[in-house]
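Just my_file.tsv here, TSV, C-alpha atoms (C1' of nucleotides):
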chain	number	residue	atom	x	y	z
A	457	MET	CA	0.00	0.00	0.00
A	458	PRO	CA	1.76	3.21	-1.10
A	459	ASN	CA	1.77	6.00	1.42
A	460	ARG	CA	0.65	9.47	0.54
A	461	ILE	CA	4.13	10.79	-0.02
A	462	SER	CA	5.05	8.23	-2.63
A	463	ALA	CA	1.65	8.51	-4.29
A	464	ASP	CA	2.06	12.27	-4.56
A	465	HIS	CA	5.56	11.76	-5.77
A	466	ASN	CA	4.43	9.40	-8.53
A	467	LEU	CA	1.64	11.75	-9.49
A	468	SER	CA	3.89	14.77	-9.74
A	469	LEU	CA	6.44	12.72	-11.64
A	470	SER	CA	3.87	11.62	-14.26
A	471	VAL	CA	2.53	15.16	-14.45
A	472	SER	CA	5.96	16.56	-15.13
A	473	ILE	CA	6.55	13.88	-17.77
A	474	ILE	CA	3.33	14.73	-19.58
A	475	GLU	CA	4.23	18.42	-19.41
A	476	ASP	CA	7.58	17.67	-20.99
A	477	GLN	CA	5.82	15.64	-23.64
A	478	ARG	CA	3.47	18.49	-24.48
A	479	ARG	CA	6.33	20.97	-24.57
A	480	SER	CA	8.31	18.73	-26.92
A	481	LEU	CA	5.39	18.58	-29.31
A	482	LEU	CA	4.67	22.31	-29.19
A	483	ASP	CA	8.34	23.16	-29.70
A	484	TRP	CA	8.43	20.86	-32.71
A	485	TYR	CA	5.23	22.40	-34.05
A	486	ALA	CA	6.64	25.90	-33.77
A	487	ARG	CA	9.55	24.77	-35.93
A	488	ALA	CA	8.00	22.25	-38.29
A	489	GLY	CA	4.23	22.79	-38.28
A	490	ARG	CA	2.49	23.13	-41.63
A	491	ASP	CA	1.39	26.46	-43.03
A	492	LEU	CA	-2.13	25.65	-44.24
A	493	PRO	CA	-4.60	28.11	-45.78
A	494	TRP	CA	-7.28	27.63	-43.12
A	495	ARG	CA	-4.78	28.31	-40.32
A	496	ARG	CA	-4.29	31.90	-41.36
A	497	SER	CA	-7.55	32.94	-39.77
A	498	TRP	CA	-9.50	32.01	-36.66
A	499	GLU	CA	-12.78	32.80	-38.36
A	500	PRO	CA	-15.11	29.91	-37.47
A	501	TYR	CA	-16.87	29.69	-40.86
A	502	SER	CA	-13.68	29.14	-42.83
A	503	ILE	CA	-12.39	26.68	-40.24
A	504	TRP	CA	-15.69	24.82	-40.34
A	505	VAL	CA	-15.51	24.56	-44.14
A	506	SER	CA	-11.96	23.24	-43.97
A	507	GLU	CA	-12.79	20.70	-41.26
A	508	ILE	CA	-15.68	19.30	-43.30
A	509	MET	CA	-13.63	19.15	-46.50
A	510	LEU	CA	-10.85	17.36	-44.64
A	511	GLN	CA	-13.08	14.53	-43.43
A	512	GLN	CA	-11.60	11.39	-45.01
A	513	THR	CA	-9.84	13.59	-47.55
A	514	GLN	CA	-6.17	14.44	-47.89
A	515	VAL	CA	-4.88	17.98	-47.41
A	516	LYS	CA	-3.42	18.07	-50.91
A	517	THR	CA	-6.80	17.27	-52.40
A	518	VAL	CA	-8.65	19.81	-50.26
A	519	ILE	CA	-6.49	22.89	-50.84
A	520	PRO	CA	-7.69	23.86	-54.35
A	521	TYR	CA	-11.31	23.13	-53.42
A	522	TYR	CA	-10.95	25.25	-50.28
A	523	HIS	CA	-9.61	28.26	-52.19
A	524	ARG	CA	-12.35	28.06	-54.81
A	525	TRP	CA	-15.01	27.62	-52.14
A	526	MET	CA	-13.92	30.61	-50.08
A	527	GLU	CA	-13.85	32.69	-53.24
A	528	GLN	CA	-17.34	31.58	-54.22
A	529	PHE	CA	-18.90	31.49	-50.72
A	530	PRO	CA	-16.76	33.93	-48.69
A	531	THR	CA	-19.09	34.05	-45.71
A	532	LEU	CA	-21.65	31.88	-44.00
A	533	GLU	CA	-24.33	34.20	-45.32
A	534	HIS	CA	-23.16	33.76	-48.90
A	535	LEU	CA	-23.33	30.00	-48.48
A	536	ALA	CA	-26.77	30.12	-46.89
A	537	SER	CA	-28.22	32.12	-49.77
A	538	ALA	CA	-26.68	29.95	-52.51
A	539	GLU	CA	-28.59	27.29	-54.43
A	540	LEU	CA	-27.89	23.66	-53.50
A	541	GLN	CA	-26.98	22.85	-57.10
A	542	GLU	CA	-24.38	25.60	-57.04
A	543	VAL	CA	-23.00	24.22	-53.79
A	544	LEU	CA	-22.83	20.68	-55.17
A	545	LYS	CA	-21.12	21.96	-58.30
A	546	ALA	CA	-18.43	23.56	-56.13
A	547	TRP	CA	-18.05	20.23	-54.33
A	548	GLU	CA	-18.01	18.15	-57.53
A	549	GLY	CA	-15.19	15.61	-57.44
A	550	LEU	CA	-14.54	15.86	-53.70
A	551	GLY	CA	-16.82	12.96	-52.79
A	552	TYR	CA	-19.03	12.23	-49.78
A	553	TYR	CA	-21.55	14.73	-51.06
A	554	SER	CA	-23.65	14.72	-47.91
A	555	ARG	CA	-20.88	16.93	-46.53
A	556	ALA	CA	-21.81	19.65	-49.02
A	557	ARG	CA	-25.54	19.19	-48.44
A	558	ASN	CA	-25.00	19.44	-44.69
A	559	LEU	CA	-22.81	22.53	-44.97
A	560	HIS	CA	-25.48	24.23	-47.01
A	561	ALA	CA	-28.34	23.19	-44.72
A	562	CYS	CA	-26.42	24.13	-41.58
A	563	ALA	CA	-25.53	27.54	-43.00
A	564	LYS	CA	-29.23	28.20	-43.49
A	565	LEU	CA	-29.99	26.92	-39.99
A	566	ILE	CA	-27.31	29.12	-38.43
A	567	MET	CA	-28.70	32.14	-40.26
A	568	GLN	CA	-32.18	31.37	-38.99
A	569	SER	CA	-31.60	30.03	-35.47
A	570	HIS	CA	-28.21	31.42	-34.40
A	571	GLY	CA	-28.45	34.93	-35.80
A	572	GLY	CA	-25.87	34.07	-38.44
A	573	VAL	CA	-23.21	33.48	-35.77
A	574	PHE	CA	-21.43	30.13	-35.64
A	575	PRO	CA	-22.11	28.60	-32.20
A	576	GLN	CA	-19.32	28.37	-29.62
A	577	GLU	CA	-20.90	25.81	-27.30
A	578	LEU	CA	-19.87	22.20	-27.83
A	579	SER	CA	-23.39	20.82	-27.54
A	580	GLN	CA	-24.67	23.28	-30.13
A	581	VAL	CA	-21.81	22.53	-32.51
A	582	LEU	CA	-22.37	18.78	-32.16
A	583	ALA	CA	-26.03	19.32	-32.95
A	584	LEU	CA	-25.12	20.49	-36.47
A	585	SER	CA	-25.43	17.65	-38.96
A	586	GLY	CA	-22.14	16.52	-40.39
A	587	ILE	CA	-20.22	17.55	-37.27
A	588	GLY	CA	-19.13	14.79	-34.91
A	589	LYS	CA	-16.76	14.86	-31.96
A	590	THR	CA	-13.55	15.22	-33.94
A	591	THR	CA	-14.83	17.97	-36.21
A	592	ALA	CA	-16.36	19.80	-33.25
A	593	GLY	CA	-13.07	19.62	-31.39
A	594	GLY	CA	-11.19	20.77	-34.46
A	595	ILE	CA	-13.43	23.78	-34.92
A	596	LEU	CA	-13.68	24.80	-31.27
A	597	SER	CA	-9.97	24.47	-30.61
A	598	ALA	CA	-8.87	26.13	-33.86
A	599	ALA	CA	-11.41	28.95	-33.86
A	600	PHE	CA	-11.84	29.67	-30.14
A	601	ASN	CA	-8.87	27.94	-28.50
A	602	GLN	CA	-11.25	25.77	-26.48
A	603	PRO	CA	-9.75	22.67	-24.82
A	604	VAL	CA	-11.72	20.04	-26.77
A	605	ALA	CA	-9.83	16.92	-27.81
A	606	ILE	CA	-9.88	15.35	-31.27
A	607	LEU	CA	-9.42	11.81	-32.58
A	608	ASP	CA	-8.93	11.79	-36.31
A	609	GLY	CA	-6.92	9.34	-38.37
A	610	ASN	CA	-3.64	11.08	-37.65
A	611	VAL	CA	-4.20	11.23	-33.91
A	612	LYS	CA	-5.34	7.60	-33.83
A	613	ARG	CA	-2.13	6.49	-35.51
A	614	VAL	CA	0.10	8.65	-33.29
A	615	LEU	CA	-1.59	7.49	-30.10
A	616	ALA	CA	-1.72	3.85	-31.17
A	617	ARG	CA	2.05	3.91	-31.63
A	618	LEU	CA	2.60	5.95	-28.49
A	619	VAL	CA	1.11	3.17	-26.36
A	620	ALA	CA	1.97	0.29	-28.74
A	621	LEU	CA	-1.72	-0.48	-29.00
A	622	PRO	CA	-1.97	-4.26	-29.53
A	623	ILE	CA	-5.40	-4.15	-31.24
A	624	PRO	CA	-6.84	-2.24	-34.20
A	625	PRO	CA	-7.67	1.36	-33.20
A	626	ALA	CA	-11.27	0.80	-34.25
A	627	LYS	CA	-11.55	-1.61	-31.32
A	628	ALA	CA	-10.13	0.92	-28.86
A	629	THR	CA	-11.98	4.12	-29.69
A	630	GLN	CA	-12.93	4.75	-26.08
A	631	GLN	CA	-9.39	4.37	-24.74
A	632	LEU	CA	-7.93	6.52	-27.50
A	633	TRP	CA	-10.39	9.30	-26.78
A	634	LYS	CA	-9.40	9.17	-23.11
A	635	LEU	CA	-5.75	9.35	-24.09
A	636	SER	CA	-6.30	12.28	-26.46
A	637	GLU	CA	-8.17	14.13	-23.72
A	638	ALA	CA	-5.51	13.35	-21.12
A	639	LEU	CA	-2.69	14.57	-23.34
A	640	LEU	CA	-4.41	17.73	-24.58
A	641	ASP	CA	-2.63	20.86	-23.40
A	642	HIS	CA	-5.33	22.99	-21.82
A	643	GLN	CA	-3.06	26.01	-21.94
A	644	HIS	CA	-2.56	25.69	-25.70
A	645	PRO	CA	-5.41	23.58	-27.14
A	646	ARG	CA	-5.32	25.23	-30.58
A	647	GLU	CA	-1.62	24.60	-31.11
A	648	PHE	CA	-1.69	21.18	-29.47
A	649	ASN	CA	-4.43	19.72	-31.63
A	650	GLN	CA	-2.87	21.09	-34.80
A	651	ALA	CA	0.54	19.87	-33.68
A	652	ILE	CA	-0.54	16.29	-33.06
A	653	MET	CA	-2.30	16.18	-36.42
A	654	ASP	CA	0.82	17.52	-38.14
A	655	LEU	CA	2.92	14.97	-36.32
A	656	GLY	CA	0.74	12.21	-37.77
A	657	ALA	CA	0.70	13.75	-41.23
A	658	THR	CA	4.42	14.49	-41.60
A	659	ILE	CA	6.40	12.32	-39.13
A	660	CYS	CA	4.25	9.53	-37.78
A	661	THR	CA	3.08	8.51	-41.23
A	662	ARG	CA	1.45	5.22	-42.06
A	663	LYS	CA	4.35	3.76	-43.99
A	664	THR	CA	7.93	4.25	-42.87
A	665	PRO	CA	7.45	6.85	-40.14
A	666	ASN	CA	10.34	9.25	-39.65
A	667	CYS	CA	10.94	8.30	-36.03
A	668	PRO	CA	14.43	9.82	-35.70
A	669	ASP	CA	12.93	13.28	-36.23
A	670	CYS	CA	9.96	12.71	-33.91
A	671	PRO	CA	9.65	14.91	-30.83
A	672	TRP	CA	7.90	12.01	-29.09
A	673	LYS	CA	10.38	9.25	-29.86
A	674	SER	CA	11.45	8.91	-26.23
A	675	TYR	CA	7.81	8.55	-25.17
A	676	CYS	CA	6.77	6.21	-27.96
A	677	GLN	CA	6.40	2.60	-26.90
A	678	ALA	CA	6.16	1.31	-30.46
A	679	TYR	CA	9.42	3.03	-31.42
A	680	ASN	CA	11.20	1.84	-28.31
A	681	LEU	CA	10.02	-1.69	-29.03
A	682	GLY	CA	10.97	-1.35	-32.69
A	683	ILE	CA	7.44	-2.21	-33.83
A	684	GLN	CA	6.33	1.17	-35.18
A	685	SER	CA	5.73	-0.28	-38.64
A	686	GLU	CA	3.41	-2.97	-37.19
A	687	ILE	CA	1.16	-0.36	-35.61
A	688	PRO	CA	-1.59	0.60	-35.99
A	689	MET	CA	-2.89	-2.93	-36.49
A	690	ARG	CA	-5.74	-3.45	-38.89
A	691	GLU	CA	-8.30	-6.15	-39.40
A	692	PRO	CA	-8.70	-7.97	-42.70
A	693	SER	CA	-11.30	-6.60	-45.06
A	694	SER	CA	-13.29	-8.43	-47.68
A	695	PRO	CA	-13.03	-7.43	-51.36
A	696	LEU	CA	-15.53	-4.93	-52.74
A	697	PRO	CA	-18.51	-6.46	-54.53
A	698	THR	CA	-18.92	-5.50	-58.19
A	699	LYS	CA	-22.10	-4.34	-59.90
A	700	ASN	CA	-22.48	-4.35	-63.67
A	701	ILE	CA	-24.49	-1.37	-64.86
A	702	GLY	CA	-25.94	-0.53	-68.25
A	703	VAL	CA	-25.98	3.22	-68.93
A	704	ALA	CA	-27.79	5.19	-71.64
A	705	VAL	CA	-26.79	8.39	-73.40
A	706	ILE	CA	-30.18	9.12	-74.92
A	707	TRP	CA	-30.30	11.55	-77.84
A	708	ASN	CA	-33.37	13.32	-79.11
A	709	ASP	CA	-33.97	14.82	-82.54
A	710	GLN	CA	-32.72	18.22	-81.35
A	711	GLY	CA	-29.28	16.82	-80.60
A	712	GLN	CA	-29.84	16.98	-76.86
A	713	ILE	CA	-29.00	14.31	-74.32
A	714	LEU	CA	-31.03	13.22	-71.33
A	715	ILE	CA	-29.72	13.54	-67.78
A	716	ASP	CA	-31.46	12.93	-64.47
A	717	ARG	CA	-30.96	14.19	-60.93
A	718	ARG	CA	-30.54	11.53	-58.29
A	719	PRO	CA	-32.72	11.57	-55.17
A	720	ALA	CA	-31.56	14.15	-52.61
A	721	LYS	CA	-30.29	11.62	-50.09
A	722	GLY	CA	-28.10	8.56	-50.27
A	723	LEU	CA	-25.39	7.70	-52.75
A	724	LEU	CA	-24.40	10.71	-54.85
A	725	GLY	CA	-27.57	12.44	-53.63
A	726	GLY	CA	-28.57	15.52	-55.63
A	727	LEU	CA	-26.02	14.91	-58.37
A	728	TRP	CA	-26.89	14.42	-62.04
A	729	GLU	CA	-26.18	11.30	-64.05
A	730	PHE	CA	-26.89	9.39	-67.19
A	731	PRO	CA	-29.74	6.97	-66.53
A	732	GLY	CA	-29.27	3.22	-66.34
A	733	GLY	CA	-29.35	0.29	-63.98
A	734	LYS	CA	-28.13	-3.10	-62.94
A	735	ILE	CA	-27.64	-5.81	-65.55
A	736	GLU	CA	-29.68	-8.85	-64.52
A	737	LEU	CA	-28.37	-12.39	-64.83
A	738	GLY	CA	-28.52	-13.63	-68.42
A	739	GLU	CA	-29.34	-10.19	-69.77
A	740	THR	CA	-27.35	-8.44	-72.48
A	741	VAL	CA	-26.26	-4.84	-72.01
A	742	PRO	CA	-28.68	-3.45	-74.65
A	743	GLU	CA	-31.55	-5.47	-73.15
A	744	CYS	CA	-30.72	-4.09	-69.71
A	745	ILE	CA	-30.56	-0.50	-70.92
A	746	LYS	CA	-33.86	-0.72	-72.80
A	747	ARG	CA	-35.60	-2.28	-69.78
A	748	GLU	CA	-34.14	0.13	-67.22
A	749	ILE	CA	-35.05	3.18	-69.27
A	750	GLN	CA	-38.59	1.92	-69.64
A	751	GLU	CA	-38.82	1.27	-65.89
A	752	GLU	CA	-37.13	4.46	-64.68
A	753	LEU	CA	-38.24	7.00	-67.26
A	754	GLY	CA	-41.24	5.37	-68.95
A	755	ILE	CA	-39.96	5.90	-72.48
A	756	GLU	CA	-39.03	3.76	-75.47
A	757	ILE	CA	-35.52	3.97	-76.85
A	758	GLU	CA	-33.37	2.29	-79.41
A	759	VAL	CA	-30.02	1.16	-78.03
A	760	GLY	CA	-27.16	1.95	-80.39
A	761	GLU	CA	-23.42	1.67	-80.44
A	762	HIS	CA	-21.14	1.26	-77.48
A	763	LEU	CA	-19.57	4.51	-76.23
A	764	ILE	CA	-17.27	3.54	-73.37
A	765	THR	CA	-16.87	1.09	-70.50
A	766	ILE	CA	-15.86	2.57	-67.16
A	767	ASN	CA	-14.49	0.81	-64.13
A	768	HIS	CA	-15.02	2.77	-60.97
A	769	ALA	CA	-14.64	2.03	-57.25
A	770	TYR	CA	-16.87	3.64	-54.66
A	771	SER	CA	-16.23	3.33	-50.96
A	772	HIS	CA	-18.17	0.11	-50.51
A	773	PHE	CA	-18.65	-1.41	-53.97
A	774	ARG	CA	-17.28	-1.37	-57.46
A	775	VAL	CA	-19.10	-0.72	-60.72
A	776	VAL	CA	-18.55	-1.48	-64.36
A	777	LEU	CA	-20.53	1.00	-66.46
A	778	SER	CA	-21.30	-0.17	-69.99
A	779	VAL	CA	-22.38	3.00	-71.77
A	780	HIS	CA	-24.28	3.03	-75.06
A	781	HIS	CA	-25.58	5.73	-77.34
A	782	CYS	CA	-29.38	5.51	-77.53
A	783	ARG	CA	-32.12	7.19	-79.55
A	784	HIS	CA	-35.35	8.46	-78.07
A	785	LEU	CA	-38.31	6.85	-79.88
A	786	SER	CA	-41.48	7.68	-77.96
A	787	GLY	CA	-42.94	8.87	-74.68
A	788	VAL	CA	-42.26	11.80	-72.40
A	789	PRO	CA	-39.63	11.00	-69.74
A	790	GLN	CA	-41.08	10.74	-66.25
A	791	PRO	CA	-39.06	11.16	-63.03
A	792	ILE	CA	-40.05	7.76	-61.65
A	793	GLU	CA	-36.86	6.87	-59.79
A	794	CYS	CA	-35.15	10.27	-59.83
A	795	ASP	CA	-36.00	13.84	-58.77
A	796	GLU	CA	-35.74	15.63	-62.11
A	797	ILE	CA	-35.03	15.09	-65.79
A	798	ARG	CA	-33.57	17.42	-68.38
A	799	TRP	CA	-32.65	17.45	-72.04
A	800	VAL	CA	-29.38	19.33	-72.41
A	801	THR	CA	-26.77	20.01	-75.06
A	802	LEU	CA	-23.18	18.95	-74.58
A	803	ASP	CA	-22.32	22.60	-73.98
A	804	GLU	CA	-24.86	22.97	-71.20
A	805	VAL	CA	-23.92	19.82	-69.35
A	806	ASP	CA	-21.01	21.45	-67.51
A	807	GLN	CA	-23.40	23.53	-65.43
A	808	PHE	CA	-24.58	20.44	-63.58
A	809	PRO	CA	-22.74	18.56	-60.83
A	810	PHE	CA	-21.85	15.00	-61.88
A	811	PRO	CA	-20.09	12.17	-60.07
A	812	LYS	CA	-16.67	11.18	-61.30
A	813	ALA	CA	-17.73	8.12	-63.29
A	814	ASN	CA	-20.19	10.27	-65.24
A	815	THR	CA	-17.67	12.99	-66.04
A	816	GLN	CA	-15.75	10.26	-67.84
A	817	ILE	CA	-18.82	9.65	-69.98
A	818	ILE	CA	-19.02	13.35	-70.79
A	819	ALA	CA	-15.33	13.37	-71.68
A	820	ALA	CA	-15.93	10.43	-74.03
A	821	LEU	CA	-18.83	12.29	-75.67
A	822	ARG	CA	-16.60	15.35	-76.12
A	823	SER	CA	-13.92	13.27	-77.79
A	824	GLN	CA	-16.54	12.02	-80.23
A	825	GLU	CA	-17.92	15.48	-80.88
A	826	GLY	CA	-17.73	16.41	-84.52
A	827	ARG	CA	-18.46	12.87	-85.49
A	828	LYS	CA	-22.15	12.70	-86.31
A	829	TYR	CA	-23.82	9.86	-84.45
A	830	GLU	CA	-26.34	7.70	-86.31
A	831	VAL	CA	-28.03	4.66	-84.83
B	713	DG	C1'	-22.22	-1.97	-33.79
B	714	DA	C1'	-21.89	-2.20	-38.45
B	715	DA	C1'	-22.85	-0.64	-42.85
B	716	DG	C1'	-23.39	3.34	-46.07
B	717	DC	C1'	-21.04	7.04	-48.02
B	718	DG	C1'	-16.45	9.27	-53.05
B	719	DT	C1'	-12.36	10.17	-54.78
B	720	DG	C1'	-7.30	10.40	-55.62
B	721	DG	C1'	-2.78	8.71	-54.57
B	722	DC	C1'	0.23	5.10	-53.74
B	723	DC	C1'	2.41	0.62	-54.84
C	1257	DT	C1'	-3.95	-3.99	-61.64
C	1258	DG	C1'	-6.81	-4.04	-57.16
C	1259	DG	C1'	-6.33	-3.08	-52.31
C	1260	DC	C1'	-5.49	0.23	-48.94
C	1261	DC	C1'	-5.77	4.60	-46.92
C	1262	DA	C1'	-6.76	9.67	-46.11
C	1263	DA	C1'	-8.46	15.80	-40.71
C	1264	DG	C1'	-15.36	10.84	-39.99
C	1265	DC	C1'	-20.32	11.11	-39.64
C	1266	DT	C1'	-24.93	9.13	-39.87
C	1267	DT	C1'	-28.33	5.69	-39.25

Using structure tokens, write down the structure that the file contains.
Amino acid sequence: MPNRISADHNLSLSVSIIEDQRRSLLDWYARAGRDLPWRRSWEPYSIWVSEIMLQQTQVKTVIPYYHRWMEQFPTLEHLASAELQEVLKAWEGLGYYSRARNLHACAKLIMQSHGGVFPQELSQVLALSGIGKTTAGGILSAAFNQPVAILDGNVKRVLARLVALPIPPAKATQQLWKLSEALLDHQHPREFNQAIMDLGATICTRKTPNCPDCPWKSYCQAYNLGIQSEIPMREPSSPLPTKNIGVAVIWNDQGQILIDRRPAKGLLGGLWEFPGGKIELGETVPECIKREIQEELGIEIEVGEHLITINHAYSHFRVVLSVHHCRHLSGVPQPIECDEIRWVTLDEVDQFPFPKANTQIIAALRSQEGRKYEV
DNA sequence: GAAGCGTGGCC
DNA sequence: TGGCCAAGCTT
């Protein structure tokens, strides 16, 4: 049974160690931290935008989108008064489109219910859709220097190595949150959170971490055991299922093509696409396309020549799109399984937000432009 | 708790 | 090439 003196001694010893550890990180950050566009201001709107863009998305990918976005929607009020289609067009290519829909909806909500002022209370920030614990912590620490911990992919990897976590981080979320909260420097939450993320992004990287340059190497159990490349552990994943899809580029007599807007929620919600659907067992591609167009749009078409075949991987399945030119024969297209339908020229199509796989179809059409298509 | 939700880069 | 991962959140 330890007496009070030794207990106090141990406590003060561990406290001084953790203070040294924080200081090491902050000193490193002052020297080696990244200069990122969204760190040049503490304005909550711009930090919010950056935090949402950075969800599951690399910094290098985000930077050009961030600059364009802030140019187009410089304030929360600008975003709130924009059209959703305009917002989705600005997000086109960034993926996880619910992020853009949520940004837009939350901007409107903040204008209506928060007087246009981004909330500073954790519970109110967490109540905004698209903002979870990590994003809330990122915003509140970066914008207001509030001591709210984060646990993003970088921090998970850093902490998993720090304690030589013997299980996949996904199985230890609770413990890792506790650790992030315990380590957080309440005197410098803004710098600390950004520093630990930078450490994960530039030193404690997934493959071949640069341990010799790490300010935490003396504290890192994985490094001191020589197992830093084995951590974080991960569990085996099964291969993505593949769906074969028949897709129609339907032409009318005016030289226009038919596009449809997907339902507002779910996969690629609110984006435009070329219509089509899953190829059933024993069905040819033209048979599939003719059937799907009848079912989804209620029109008759003639399926013509093959345009392009596209392989594309989403987050949880893979598709093979077999795209054919088609000719509209009869019937007025009905939005049976979509929200809206339009006939557009190839010049007009750029105004609409499309998912990546569909922009490849448009590119293929462009490369054929000048060649007159006949069924 | 597990599945749904995009895209680009890397090897 | 296909698998893995990257500043996660929602249902």

| message | Restricting the calculation to all atoms listed in the file: of A:Pro530, A:Pro493, A:Gly754, A:Pro692, which residue gets closest to chain C? | response |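 Selected residue with least distance to chain C: A:Pro692.
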
| field | Two-atom distance - atom CA of A:Ile606, atom CA of A:Lys627 (Å) | value |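 Spanning atom CA of A:Ile606 to atom CA of A:Lys627 is a straight-line distance of 17.0 Å.
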
| How many Å separate atom CA of A:Ile715 from atom CA of A:His762? |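 Atom CA of A:His762 lies 17.8 Å from atom CA of A:Ile715.
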
| Between atom CA of A:Leu550 and atom CA of A:Glu691, distance in Å (one decimal) |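 Those two atoms sit 27.0 Å apart.
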
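The environment of B:DC717 within 9 Å, counting all atoms listed in the file and disregarding residues fewer than 6 places along the same chain, consists of A:Gly551, A:Tyr552, A:Tyr553, A:Ser554, A:Gly722, A:Leu723, A:Leu724, A:Tyr770, A:Ser771, A:His772.
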
| Taking all atoms listed in the file into account, which residues of chain A are within 10 Å of chain C, as a VMD selection string? | chain A and resid 506 to 515 517 554 to 555 585 to 591 594 606 to 611 650 653 to 654 657 662 693 to 696 769

Box along x, y and z, 3 Å on every side, all listed atoms of chain C inside: centre and edge lengths in Å to one decimal, as JSON.
{"center_x": -16.1, "center_y": 5.9, "center_z": -50.4, "size_x": 30.4, "size_y": 25.8, "size_z": 28.4}

Could you make a table, as a tab-separated table, of the residues of chain B that have an atom within 10 Å of an atom of chain A, each with its nearest atom pair and distance in Å to one decimal, counting only C-alpha atoms (C1' of nucleotides), in chain and number order?
residue	atom	partner	partner_atom	distance
B:DA715	C1'	A:His772	CA	9.0
B:DG716	C1'	A:His772	CA	7.6
B:DC717	C1'	A:Tyr552	CA	5.8
B:DG718	C1'	A:Gly551	CA	3.7
B:DT719	C1'	A:Gly551	CA	5.6
B:DG720	C1'	A:Thr517	CA	7.6
B:DG721	C1'	A:Gln514	CA	9.4

| message | Counting all atoms listed in the file, which residue out of A:Lys663, A:Glu533, A:Asn708, A:Leu777 sits closest to B:DC723? | response |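 Closest to B:DC723, using all atoms listed in the file: A:Lys663.
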
| request: Name all residues at most 8 Å from A:Gly726 (count only C-alpha atoms (C1' of nucleotides); drop same-chain ones fewer than 2 positions away) and give them as a list in words. | output: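 Contacts, with the query itself left out: Gln541, Leu544, Arg717, Arg718, Pro719, Ala720, Lys721, Leu724 and Trp728 of chain A.
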
Would you write out those residues with C-alpha atoms, as a CSV table (one decimal), in the coordinates of the input?
chain,number,residue,atom,x,y,z
A,541,GLN,CA,-27.0,22.8,-57.1
A,544,LEU,CA,-22.8,20.7,-55.2
A,717,ARG,CA,-31.0,14.2,-60.9
A,718,ARG,CA,-30.5,11.5,-58.3
A,719,PRO,CA,-32.7,11.6,-55.2
A,720,ALA,CA,-31.6,14.2,-52.6
A,721,LYS,CA,-30.3,11.6,-50.1
A,724,LEU,CA,-24.4,10.7,-54.8
A,728,TRP,CA,-26.9,14.4,-62.0

Counting only C-alpha atoms (C1' of nucleotides), I want the residues whose atoms come within 12 Å of (-30.9, 17.5, -80.8) in the file frame, returned as a PDB file with C-alpha atoms, in the frame of the given file.
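Result written to out_4.pdb:
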ATOM      1  CA  ILE A 706     -30.180   9.120 -74.920  1.00  0.00           C
ATOM      2  CA  TRP A 707     -30.300  11.550 -77.840  1.00  0.00           C
ATOM      3  CA  ASN A 708     -33.370  13.320 -79.110  1.00  0.00           C
ATOM      4  CA  ASP A 709     -33.970  14.820 -82.540  1.00  0.00           C
ATOM      5  CA  GLN A 710     -32.720  18.220 -81.350  1.00  0.00           C
ATOM      6  CA  GLY A 711     -29.280  16.820 -80.600  1.00  0.00           C
ATOM      7  CA  GLN A 712     -29.840  16.980 -76.860  1.00  0.00           C
ATOM      8  CA  ILE A 713     -29.000  14.310 -74.320  1.00  0.00           C
ATOM      9  CA  LEU A 714     -31.030  13.220 -71.330  1.00  0.00           C
ATOM     10  CA  ARG A 783     -32.120   7.190 -79.550  1.00  0.00           C
ATOM     11  CA  HIS A 784     -35.350   8.460 -78.070  1.00  0.00           C
ATOM     12  CA  TRP A 799     -32.650  17.450 -72.040  1.00  0.00           C
ATOM     13  CA  VAL A 800     -29.380  19.330 -72.410  1.00  0.00           C
ATOM     14  CA  THR A 801     -26.770  20.010 -75.060  1.00  0.00           C
ATOM     15  CA  LEU A 802     -23.180  18.950 -74.580  1.00  0.00           C
ATOM     16  CA  LYS A 828     -22.150  12.700 -86.310  1.00  0.00           C
ATOM     17  CA  TYR A 829     -23.820   9.860 -84.450  1.00  0.00           C
TER      18      TYR A 829
END

| Residue neighbourhood A:Trp484, 12 Å, only C-alpha atoms (C1' of nucleotides), exclusion window fewer than 5 positions, as a VMD selection string | chain A and resid 477 to 479 489 to 490 647 to 648 650 to 652 654 to 655 658 to 659 669 to 672

| query | What lies within 12 Å of A:Glu748 using all atoms listed in the file, ignoring chain neighbours under 2 positions off, as a PyMOL selection string? | reply | chain A and resi 701-704+730-736+739+741-746+750-757+759+792-793

| message | Excluding A:Ala536 and its own-chain neighbours fewer than 3 positions away, which residues fall within 10 Å of it when counting all atoms listed in the file? Please give them as an NGL selection string. | response | :A and (529 or 531-533 or 539-540 or 543 or 559-568 or 572)
